[in-house]
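Chemist: Okay, so here is input-v1.cif, and as you'll see once you scroll down, it has mmCIF, C-alpha atoms.
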```cif
data_final
loop_
_atom_site.label_atom_id
_atom_site.label_comp_id
_atom_site.auth_asym_id
_atom_site.auth_seq_id
_atom_site.Cartn_x
_atom_site.Cartn_y
_atom_site.Cartn_z
CA MET A 1 101.53 81.40 85.01
CA GLN A 2 103.99 83.19 87.24
CA LEU A 3 106.10 80.02 87.38
CA ALA A 4 105.95 79.81 83.58
CA GLN A 5 107.15 83.41 83.37
CA ALA A 6 110.05 82.44 85.61
CA GLY A 7 111.05 79.71 83.14
CA ASP A 8 109.33 76.64 84.62
CA ARG A 9 108.46 74.56 81.57
CA GLU A 10 106.51 71.96 83.56
CA ALA A 11 104.30 74.65 85.05
CA PHE A 12 103.61 75.99 81.58
CA ASN A 13 102.81 72.50 80.27
CA ALA A 14 100.42 71.96 83.17
CA LEU A 15 98.76 75.30 82.47
CA VAL A 16 98.45 74.54 78.77
CA ASN A 17 96.91 71.12 79.47
CA ASP A 18 94.56 72.78 81.92
CA ILE A 19 93.32 75.61 79.70
CA GLY A 20 93.66 73.73 76.39
CA PRO A 21 90.23 72.06 76.51
CA GLU A 22 88.58 75.36 77.48
CA ILE A 23 90.23 77.11 74.54
CA MET A 24 89.23 74.28 72.23
CA ARG A 25 85.60 74.52 73.36
CA PHE A 26 85.73 78.29 73.03
CA LEU A 27 87.06 78.10 69.48
CA ARG A 28 84.69 75.30 68.47
CA ARG A 29 81.82 77.77 68.55
CA ARG A 30 83.43 79.58 65.64
CA ILE A 31 85.22 76.83 63.77
CA VAL A 32 83.49 73.70 62.58
CA ASP A 33 86.29 71.95 60.70
CA ARG A 34 88.24 69.71 63.05
CA SER A 35 91.70 70.26 61.56
CA GLU A 36 91.17 74.02 61.32
CA LEU A 37 90.03 73.99 64.93
CA GLU A 38 93.20 72.23 66.07
CA ASP A 39 95.39 74.57 64.00
CA THR A 40 93.73 77.62 65.49
CA CYS A 41 93.97 76.16 68.99
CA GLN A 42 97.67 75.55 68.40
CA GLU A 43 98.05 79.11 67.12
CA THR A 44 96.31 80.42 70.23
CA LEU A 45 98.58 78.40 72.51
CA LEU A 46 101.60 79.70 70.64
CA ALA A 47 100.34 83.27 71.03
CA ILE A 48 99.86 82.62 74.75
CA TYR A 49 103.42 81.30 74.98
CA GLN A 50 104.91 84.18 72.98
CA SER A 51 103.02 86.83 74.91
CA ARG A 52 103.45 85.32 78.38
CA HIS A 53 105.40 88.43 79.41
CA THR A 54 102.18 90.46 79.11
CA TYR A 55 100.45 88.53 81.89
CA GLN A 56 100.35 90.66 85.04
CA PRO A 57 101.21 88.49 88.08
CA GLY A 58 98.44 88.34 90.63
CA ARG A 59 95.67 88.87 88.14
CA PRO A 60 93.21 86.14 87.07
CA VAL A 61 94.52 84.15 84.10
CA GLU A 62 91.18 83.50 82.38
CA PRO A 63 90.42 86.99 80.99
CA TRP A 64 94.00 87.20 79.69
CA VAL A 65 93.86 83.78 78.03
CA PHE A 66 90.43 84.27 76.50
CA ALA A 67 91.25 87.75 75.24
CA ILE A 68 94.06 86.16 73.21
CA ALA A 69 91.87 83.24 72.13
CA ARG A 70 89.12 85.66 71.12
CA TYR A 71 91.47 87.65 68.89
CA VAL A 72 93.03 84.59 67.29
CA GLY A 73 89.57 83.10 66.75
CA ALA A 74 88.18 86.34 65.36
CA ARG A 75 91.11 86.64 62.99
CA HIS A 76 90.58 83.12 61.80
CA PHE A 77 86.86 83.70 61.50
CA LYS A 78 87.32 86.82 59.37
CA THR A 79 89.71 85.13 56.97
CA THR A 80 87.51 82.09 56.50
CA ARG A 81 84.10 83.78 56.61
CA ALA A 82 84.10 84.81 52.98
CA ARG A 83 85.14 81.30 51.95
CA ASN A 84 82.50 79.66 54.14
CA GLN A 85 79.74 81.96 52.93
CA PHE A 86 80.59 81.09 49.38
CA GLN A 87 80.59 77.37 50.18
CA GLU A 88 77.27 77.62 52.02
CA LEU A 89 75.78 79.52 49.14
CA SER A 90 76.97 76.83 46.75
CA VAL A 91 75.44 74.11 48.93
CA GLU A 92 72.18 76.03 49.15
CA THR A 93 72.03 76.52 45.41
CA SER A 94 72.83 72.90 44.63
CA GLN A 95 70.30 71.61 47.14
CA GLN A 96 67.46 73.95 46.25
CA GLY A 97 64.22 72.10 46.72
CA GLY A 98 65.76 69.86 49.39
CA SER A 99 64.68 69.71 52.98
CA SER A 100 63.46 73.03 54.39
CA ASN A 101 65.15 72.35 57.74
CA HIS A 102 68.55 72.28 56.08
CA GLY A 103 67.82 75.57 54.34
CA LEU A 104 66.78 77.11 57.63
CA GLU A 105 69.95 75.89 59.30
CA ILE A 106 72.08 77.49 56.61
CA GLU A 107 70.07 80.69 56.92
CA ALA A 108 70.57 80.71 60.69
CA ARG A 109 74.29 80.11 60.31
CA GLN A 110 74.59 82.94 57.82
CA ALA A 111 72.64 85.27 60.09
CA LEU A 112 74.87 84.31 63.02
CA GLY A 113 77.92 84.92 60.86
CA ALA A 114 76.67 88.38 59.97
CA LEU A 115 76.58 89.49 63.61
CA PRO A 116 79.40 91.63 65.03
CA ASP A 117 82.00 89.44 66.76
CA LYS A 118 81.18 90.49 70.31
CA GLN A 119 77.43 90.05 69.87
CA ARG A 120 77.87 86.63 68.28
CA GLU A 121 80.20 85.63 71.08
CA ALA A 122 77.75 86.66 73.82
CA PHE A 123 74.80 85.03 72.03
CA THR A 124 76.54 81.70 71.44
CA MET A 125 77.93 81.58 74.97
CA LEU A 126 74.52 82.07 76.55
CA ASN A 127 72.20 80.39 74.06
CA ILE A 128 74.24 77.69 72.35
CA GLU A 129 76.92 76.79 74.83
CA GLY A 130 74.61 77.29 77.79
CA LEU A 131 77.03 79.29 79.95
CA SER A 132 75.68 81.40 82.80
CA LEU A 133 76.00 85.17 82.68
CA ALA A 134 78.71 85.02 85.35
CA GLU A 135 80.70 82.40 83.41
CA ALA A 136 80.41 84.36 80.17
CA SER A 137 81.48 87.49 82.02
CA THR A 138 84.56 85.79 83.48
CA ARG A 139 85.51 84.32 80.15
CA THR A 140 85.26 87.53 78.16
CA GLY A 141 86.37 89.96 80.84
CA ALA A 142 83.27 92.06 80.15
CA SER A 143 80.71 92.94 82.85
CA ILE A 144 77.49 90.94 83.25
CA GLY A 145 75.49 93.96 82.11
CA THR A 146 77.58 94.25 78.94
CA ILE A 147 77.08 90.55 78.18
CA LYS A 148 73.32 90.94 78.64
CA VAL A 149 73.19 93.93 76.31
CA ARG A 150 75.32 92.21 73.66
CA ALA A 151 73.21 89.03 73.76
CA HIS A 152 70.00 91.04 73.55
CA ARG A 153 71.26 93.06 70.60
CA ALA A 154 72.37 89.85 68.90
CA TYR A 155 68.94 88.34 69.44
CA GLU A 156 67.18 91.40 68.00
CA ARG A 157 69.50 91.48 65.02
CA LEU A 158 69.13 87.76 64.37
CA LYS A 159 65.37 88.14 64.48
CA ARG A 160 65.51 90.95 61.94
CA LEU A 161 67.90 89.03 59.67
CA MET A 162 65.90 85.80 59.80
CA LEU A 163 62.57 87.51 59.18
CA ALA A 164 63.88 89.76 56.43
CA MET B 1 79.77 63.88 73.57
CA LYS B 2 82.22 61.78 71.63
CA GLU B 3 83.95 64.91 70.37
CA ASN B 4 84.11 66.36 73.89
CA THR B 5 85.89 63.23 75.08
CA GLN B 6 88.32 63.46 72.18
CA ILE B 7 89.04 67.08 73.01
CA ASP B 8 89.69 66.26 76.65
CA GLN B 9 92.15 63.53 75.65
CA ILE B 10 94.41 65.86 73.66
CA ARG B 11 97.79 66.58 75.22
CA TYR B 12 98.03 70.28 74.55
CA ASP B 13 101.64 70.56 75.67
CA ARG B 14 102.56 68.10 72.92
CA MET B 15 100.64 70.20 70.42
CA LEU B 16 102.84 73.14 71.35
CA ALA B 17 106.14 71.35 71.95
CA PRO B 18 107.39 71.31 68.32
CA LEU B 19 106.89 75.07 68.09
CA ILE B 20 108.93 75.97 71.15
CA ALA B 21 112.66 75.69 70.56
CA ASP B 22 113.85 76.75 73.98
CA PHE B 23 111.80 77.73 76.98
CA LYS B 24 113.25 80.85 78.54
CA PRO B 25 112.17 82.89 81.54
CA VAL B 26 110.59 86.23 80.70
CA LYS B 27 110.28 89.43 82.64
CA PRO B 28 106.67 90.57 82.95
CA ILE B 29 106.07 93.97 81.41
CA TRP B 30 105.45 96.86 83.77
CA THR B 31 101.83 97.68 84.38
CA ALA B 32 100.14 100.19 82.08
CA LYS B 33 100.05 102.73 84.94
CA VAL B 34 103.82 102.56 85.48
CA ARG B 35 104.56 102.84 81.76
CA LEU B 36 102.10 105.71 81.39
CA SER B 37 103.70 107.52 84.33
CA MET B 38 107.14 107.25 82.72
CA TRP B 39 105.77 108.54 79.44
CA VAL B 40 104.11 111.48 81.21
CA LEU B 41 107.42 112.34 82.88
CA LEU B 42 109.05 112.41 79.46
CA GLN B 43 106.27 114.67 78.18
CA ALA B 44 106.63 116.97 81.20
CA GLY B 45 110.33 117.34 80.41
CA ILE B 46 109.53 118.15 76.79
CA MET B 47 106.96 120.73 77.86
CA VAL B 48 109.59 122.44 80.03
CA VAL B 49 112.02 122.46 77.09
CA ALA B 50 109.32 123.90 74.80
CA VAL B 51 108.54 126.73 77.21
CA ALA B 52 112.18 127.46 78.10
CA GLY B 53 113.38 127.31 74.50
CA GLY B 54 110.28 128.94 73.01
CA ARG B 55 109.94 132.54 71.95
CA ARG B 56 106.70 133.30 73.76
CA MET B 57 107.26 135.84 76.50
CA ASN B 58 103.71 135.88 77.88
CA VAL B 59 103.21 132.22 78.83
CA ALA B 60 101.59 133.00 82.18
CA ALA B 61 99.30 135.63 80.69
CA LYS B 62 98.33 133.33 77.83
CA LEU B 63 97.41 130.58 80.27
CA LEU B 64 94.96 132.99 81.89
CA ASP B 65 93.03 133.18 78.61
CA TRP B 66 90.26 130.67 79.39
CA GLU B 67 89.76 129.55 75.77
CA PHE B 68 93.46 128.85 75.36
CA LEU B 69 93.64 127.19 78.78
CA LEU B 70 90.66 124.94 78.02
CA GLY B 71 92.04 124.03 74.58
CA PHE B 72 95.49 123.39 76.03
CA SER B 73 94.05 121.25 78.86
CA GLY B 74 91.86 119.42 76.35
CA LEU B 75 94.91 118.49 74.28
CA ILE B 76 96.76 117.26 77.38
CA ILE B 77 93.76 115.18 78.51
CA LEU B 78 93.35 113.83 74.97
CA GLY B 79 97.02 112.84 74.88
CA LEU B 80 96.82 111.16 78.28
CA ALA B 81 93.62 109.30 77.42
CA ALA B 82 94.98 108.12 74.07
CA ALA B 83 98.28 106.98 75.58
CA SER B 84 96.54 105.18 78.43
CA THR B 85 94.13 103.46 76.04
CA ALA B 86 96.96 102.43 73.71
CA LEU B 87 98.98 100.91 76.55
CA LYS B 88 96.00 99.10 78.10
CA ALA B 89 94.64 97.82 74.80
CA ALA B 90 98.00 96.17 74.08
CA VAL B 91 97.67 93.94 77.14
CA PRO B 92 95.19 91.08 76.56
CA GLY B 93 92.24 91.19 78.94
CA GLU B 94 93.29 94.55 80.41
CA SER B 95 90.77 96.79 78.72
CA GLU B 96 88.65 96.64 75.62
CA PHE B 97 88.81 99.46 73.10
CA SER B 98 85.12 100.18 72.66
CA ASN B 99 83.31 102.47 70.24
CA ARG B 100 82.27 104.59 73.23
CA LYS B 101 85.92 105.29 74.06
CA LEU B 102 86.65 106.05 70.41
CA PHE B 103 83.79 108.56 70.15
CA GLY B 104 84.80 110.09 73.49
CA LEU B 105 88.34 110.66 72.24
CA ILE B 106 87.14 112.10 68.93
CA ALA B 107 84.72 114.47 70.70
CA LEU B 108 87.45 115.58 73.10
CA GLY B 109 89.85 116.11 70.19
CA VAL B 110 87.33 118.23 68.26
CA VAL B 111 86.49 120.41 71.28
CA ALA B 112 90.17 120.92 72.14
CA GLN B 113 90.99 121.82 68.51
CA VAL B 114 88.14 124.34 68.30
CA LEU B 115 89.22 126.01 71.53
CA ILE B 116 92.94 126.12 70.76
CA LEU B 117 92.22 127.46 67.27
CA ALA B 118 90.11 130.30 68.68
CA GLU B 119 92.68 132.94 67.79
CA PRO B 120 92.18 136.23 65.96
CA VAL B 121 92.52 136.23 62.18
CA HIS B 122 95.27 138.57 61.01
CA ALA B 123 96.06 139.51 57.44
CA ILE B 124 99.12 137.65 56.17
CA GLY B 125 101.78 140.30 55.62
CA SER B 126 104.34 138.49 53.55
CA ILE B 127 104.04 134.91 52.30
CA HIS B 128 107.78 134.43 52.71
CA GLN B 129 107.64 135.35 56.38
CA PHE B 130 104.48 133.31 56.89
CA VAL B 131 106.21 130.22 55.50
CA ALA B 132 109.54 130.86 57.23
CA THR B 133 108.06 131.26 60.71
CA GLY B 134 105.52 128.50 60.09
CA SER B 135 108.08 125.98 58.87
CA TYR B 136 109.98 126.40 62.12
CA CYS B 137 106.81 125.64 64.11
CA MET B 138 106.05 122.64 61.90
CA VAL B 139 109.53 121.20 62.41
CA CYS B 140 109.19 121.79 66.17
CA THR B 141 105.83 119.96 66.17
CA PHE B 142 107.45 116.89 64.59
CA LEU B 143 110.63 117.08 66.67
CA LEU B 144 108.80 117.37 69.98
CA ALA B 145 106.54 114.45 69.07
CA ALA B 146 109.30 112.16 67.79
CA GLY B 147 110.70 110.93 71.11
CA PRO B 148 107.37 110.35 72.89
CA TRP B 149 105.94 108.74 69.75
CA ALA B 150 108.87 106.32 69.47
CA GLY B 151 108.76 105.58 73.20
CA LEU B 152 105.04 104.85 73.21
CA PHE B 153 105.27 102.85 69.99
CA TRP B 154 108.00 100.71 71.52
CA ALA B 155 106.07 100.27 74.78
CA VAL B 156 102.96 99.14 72.90
CA ARG B 157 104.89 96.86 70.55
CA ARG B 158 106.68 95.28 73.51
CA ALA B 159 103.26 94.10 74.78
CA MET B 160 100.77 92.41 72.48
CA PRO B 161 99.03 94.97 70.28
CA LEU B 162 96.09 93.38 68.52
CA MET B 163 94.51 96.26 66.65
CA GLY B 164 97.34 97.50 64.38
CA GLY B 165 96.07 100.70 62.79
CA ALA B 166 93.86 101.65 65.74
CA GLU B 167 96.84 101.32 68.09
CA GLY B 168 98.87 103.47 65.70
CA ALA B 169 96.12 106.10 65.71
CA LEU B 170 96.08 106.17 69.51
CA ILE B 171 99.87 106.49 69.71
CA GLY B 172 99.92 109.25 67.08
CA THR B 173 97.08 111.11 68.78
CA ALA B 174 98.83 110.90 72.15
CA ALA B 175 102.24 112.08 70.91
CA PHE B 176 100.97 114.82 68.60
CA ALA B 177 98.33 116.17 71.01
CA PHE B 178 101.14 116.83 73.49
CA SER B 179 103.47 118.27 70.86
CA PHE B 180 100.67 120.53 69.56
CA ALA B 181 100.09 121.77 73.10
CA ALA B 182 103.83 122.25 73.72
CA THR B 183 104.42 124.22 70.52
CA ARG B 184 101.45 126.44 71.31
CA LEU B 185 103.07 127.29 74.62
CA GLY B 186 106.41 128.06 72.98
CA CYS B 187 105.16 129.83 69.83
CA PRO B 188 104.40 133.55 70.22
CA ILE B 189 102.25 133.83 67.07
CA ASP B 190 98.58 133.88 68.06
CA ASP B 191 97.04 133.87 64.63
CA PHE B 192 94.32 131.51 63.40
CA SER B 193 95.85 130.68 60.01
CA HIS B 194 99.32 130.17 61.51
CA VAL B 195 98.01 127.84 64.22
CA LEU B 196 95.82 125.94 61.77
CA ILE B 197 98.41 125.45 59.02
CA TRP B 198 101.65 125.15 60.95
CA HIS B 199 100.48 123.55 64.20
CA ALA B 200 97.19 121.67 63.69
CA PHE B 201 97.85 120.26 60.20
CA PRO B 202 101.29 118.82 61.00
CA ALA B 203 99.84 117.22 64.14
CA ALA B 204 97.02 115.69 62.10
CA ILE B 205 99.46 114.48 59.45
CA GLY B 206 101.69 112.96 62.11
CA ALA B 207 98.75 111.11 63.64
CA GLY B 208 97.78 109.88 60.16
CA VAL B 209 101.27 108.57 59.46
CA SER B 210 101.14 106.83 62.81
CA ILE B 211 98.03 104.91 61.71
CA ALA B 212 99.97 103.53 58.75
CA ALA B 213 102.95 102.68 60.96
CA GLY B 214 100.63 100.90 63.39
CA ALA B 215 98.97 98.90 60.63
CA LEU B 216 102.41 97.85 59.37
CA TRP B 217 104.25 97.08 62.58
CA LEU B 218 101.74 96.71 65.39
CA ASP B 219 99.90 93.55 64.56
CA GLY B 220 100.85 91.32 67.46
CA LEU B 221 99.17 88.24 66.05
CA LYS B 222 101.27 88.33 62.88
CA ARG B 223 104.24 87.45 65.03
CA TYR B 224 102.49 84.43 66.45
CA ARG B 225 100.98 83.02 63.30
CA ILE B 226 102.13 79.59 62.31
CA SER B 227 103.31 79.59 58.73
CA ASP B 228 101.77 77.00 56.45
#
```
Take the structure in the file and give it back as C-alpha cells.

Modeler:
Amino acid sequence: MQLAQAGDREAFNALVNDIGPEIMRFLRRRIVDRSELEDTCQETLLAIYQSRHTYQPGRPVEPWVFAIARYVGARHFKTTRARNQFQELSVETSQQGGSSNHGLEIEARQALGALPDKQREAFTMLNIEGLSLAEASTRTGASIGTIKVRAHRAYERLKRLMLA
Amino acid sequence: MKENTQIDQIRYDRMLAPLIADFKPVKPIWTAKVRLSMWVLLQAGIMVVAVAGGRRMNVAAKLLDWEFLLGFSGLIILGLAAASTALKAAVPGESEFSNRKLFGLIALGVVAQVLILAEPVHAIGSIHQFVATGSYCMVCTFLLAAGPWAGLFWAVRRAMPLMGGAEGALIGTAAFAFSFAATRLGCPIDDFSHVLIWHAFPAAIGAGVSIAAGALWLDGLKRYRISD
C-alpha cells in the first residue's frame, strides 16, 4: 500500500488482485445478485483507490480496507433493502401455500435484514461464513469481545423476530 | 464452489482500470494525533486572543470559582473529545463512532452546560442594553468558532468522512464548545439569561448548522460512487 501511495501502479494492481476476492466474499454476504455484487465490489475498489491517502503507513491494511468495504456495502444494502423487501413480499404472496421451507427461508432472510448492520455482520461472519472470532475481529477492526457481544445480540434478536 | 472459483478468477485490476485515468502518487494524511495537536494550538491562540481582547478584568478570580472552572473545563474536554472523534472517524478502520461515545459526549455536554450556566439571575435593566451587549457576545461566539470550524471541516473532508451529518455535528460541537468557553472567559457579564441567550444559544445554533453542512458536504462515499 505504501508503494501504491508513492505512485507504483503495479503495486496497487497487485494489492487489488490480492484483496479483491476477499472483498467480493465479504460483499457477497449482503448482496445476492451477481451483477450488483460486481458493481459494488468495483465501487469499493474505486473508493479504496480514491482514499488511498488515508491509509497510515505501517498499519495493517485489512481493517482499513474492510472499513471501506463495510461502508460501501452498508450503503448499497440500505438503498436496496426496501426494494428487496418488497420483492420478497411479492414472492411470498404469490407463492402462498407453496413449500413451507421456502417461506421459512424468506422469513429468515427478512429477519436477518432487520438486524442492525454491525450485528448482522458479526452473525453472518461467525455463523454463515464460518470465520473464527479472531478472523472476524481482524476483518472488522473490532475486538473479539465486541464481536461476541454483537453476534449474541443478533442471535437473540433473530430468535425473537422468528418466533414473533 | 463454482462461484468461488469464478470469483477467484476475476482480474480486479482490470475491473478498476477503466475508472482510473492517471495513477498519481499521493501524500498520506497526517495522523489524527498530529492534526488534533495543530487544531489545539489554533484554539490555544484563540483563547489567548479572547482573554487579551475581552473585557473581563477578573479572569483569574473567575477561574477560582469551582462551578465556572468545572463548566469551562467540561467545554474544553467536550471540544477536544469531539474534534478527536471527528478526525479519527474520518479515517477508515481508525476508530468506530459508537453509541457509547455519542452518549458520553452528550452527557459531558449537558453537565458542562449546566455548570457554566450556573450564574446568578439579574433583572434585565433595559432591553436595548441587553440586546446591544448580547449581540456583541453572539458575534464573538461565531467569529471565534469560524476559523477552527473551517480548519476542522477541511481536515475531516480531506480524509474520508463516512457519516456526513454526524461528522458535521462533531465538528460543530468541537468548534463551538471552545468558542463558548473562550467568550465566557472574555465576557464580563455573569448573568444567567445573558449567558443562556447570547452564549449558549448561538453555540447550539452553530453546531446545528454544522450538522446540515456535514450532511451536505461530508459524505465521502458520494465522491467515490460510480454514476450509472

Chemist: Kindly give the distance, in Å, that separates CA of Ser135 (chain B) and CA of Pro202 (chain B), rounded to a single decimal.

Modeler: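 CA of Ser135 (chain B) sits 10.1 Å away from CA of Pro202 (chain B).
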
Chemist: Would you mind telling me which residue in A:Cys41, A:Tyr55, A:Gln5, A:Ser35 lies nearest to Pro21 (chain A) when using only C-alpha atoms?

Modeler: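 Comparing A:Cys41, A:Tyr55, A:Gln5, A:Ser35 against Pro21 (chain A), the winner is A:Cys41.
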
Chemist: If we count all atoms listed in the file and set the cut-off at 10 Å, which residues sit around region 35-45 of chain B, ignoring sequence neighbours fewer than 4 positions away in its own chain? Please answer as a VMD selection string.

Modeler: chain B and resid 29 to 31 49 to 50 76 79 to 80 83 to 88 144 to 145 147 to 149 151 to 152 155 to 156 175 178 to 179 182

Chemist: Applied to the shown file, which residues does the PyMOL selection byres ((chain A) within 7 of (chain B)) return, written as a list of chain:residue names?

Modeler: A:Gln5, A:Ala6, A:Gly7, A:Arg9, A:Asn13, A:Val16, A:Asn17, A:Gly20, A:Pro21, A:Gln42, A:Glu43, A:Leu45, A:Leu46, A:Ala47, A:Gln50, A:Ser51, A:His53, A:Thr54, A:Tyr55, A:Gln56, A:Pro63, A:Trp64, A:Ala67, A:Ile68, A:Gly141

Chemist: Using only C-alpha atoms, please write the residues we just selected to a file, as a tab-separated table (two decimals), keeping the file's coordinate frame.

Modeler:
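Saved result, out_22.tsv, follows:
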```
chain	number	residue	atom	x	y	z
A	5	GLN	CA	107.15	83.41	83.37
A	6	ALA	CA	110.05	82.44	85.61
A	7	GLY	CA	111.05	79.71	83.14
A	9	ARG	CA	108.46	74.56	81.57
A	13	ASN	CA	102.81	72.50	80.27
A	16	VAL	CA	98.45	74.54	78.77
A	17	ASN	CA	96.91	71.12	79.47
A	20	GLY	CA	93.66	73.73	76.39
A	21	PRO	CA	90.23	72.06	76.51
A	42	GLN	CA	97.67	75.55	68.40
A	43	GLU	CA	98.05	79.11	67.12
A	45	LEU	CA	98.58	78.40	72.51
A	46	LEU	CA	101.60	79.70	70.64
A	47	ALA	CA	100.34	83.27	71.03
A	50	GLN	CA	104.91	84.18	72.98
A	51	SER	CA	103.02	86.83	74.91
A	53	HIS	CA	105.40	88.43	79.41
A	54	THR	CA	102.18	90.46	79.11
A	55	TYR	CA	100.45	88.53	81.89
A	56	GLN	CA	100.35	90.66	85.04
A	63	PRO	CA	90.42	86.99	80.99
A	64	TRP	CA	94.00	87.20	79.69
A	67	ALA	CA	91.25	87.75	75.24
A	68	ILE	CA	94.06	86.16	73.21
A	141	GLY	CA	86.37	89.96	80.84
```

Chemist: Have a look at CA of Pro120 (chain B) and CA of Gly172 (chain B) and let me know their distance in Å, one decimal.

Modeler: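 Going from CA of Pro120 (chain B) over to CA of Gly172 (chain B) covers 28.1 Å.
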
Chemist: If the PyMOL selection byres ((chain B and resi 77) around 10) is run on the structure shown, which residues does it catch, given as a VMD selection string?

Modeler: chain B and resid 71 to 76 78 to 83 105 108 to 109 112 174 177 to 178
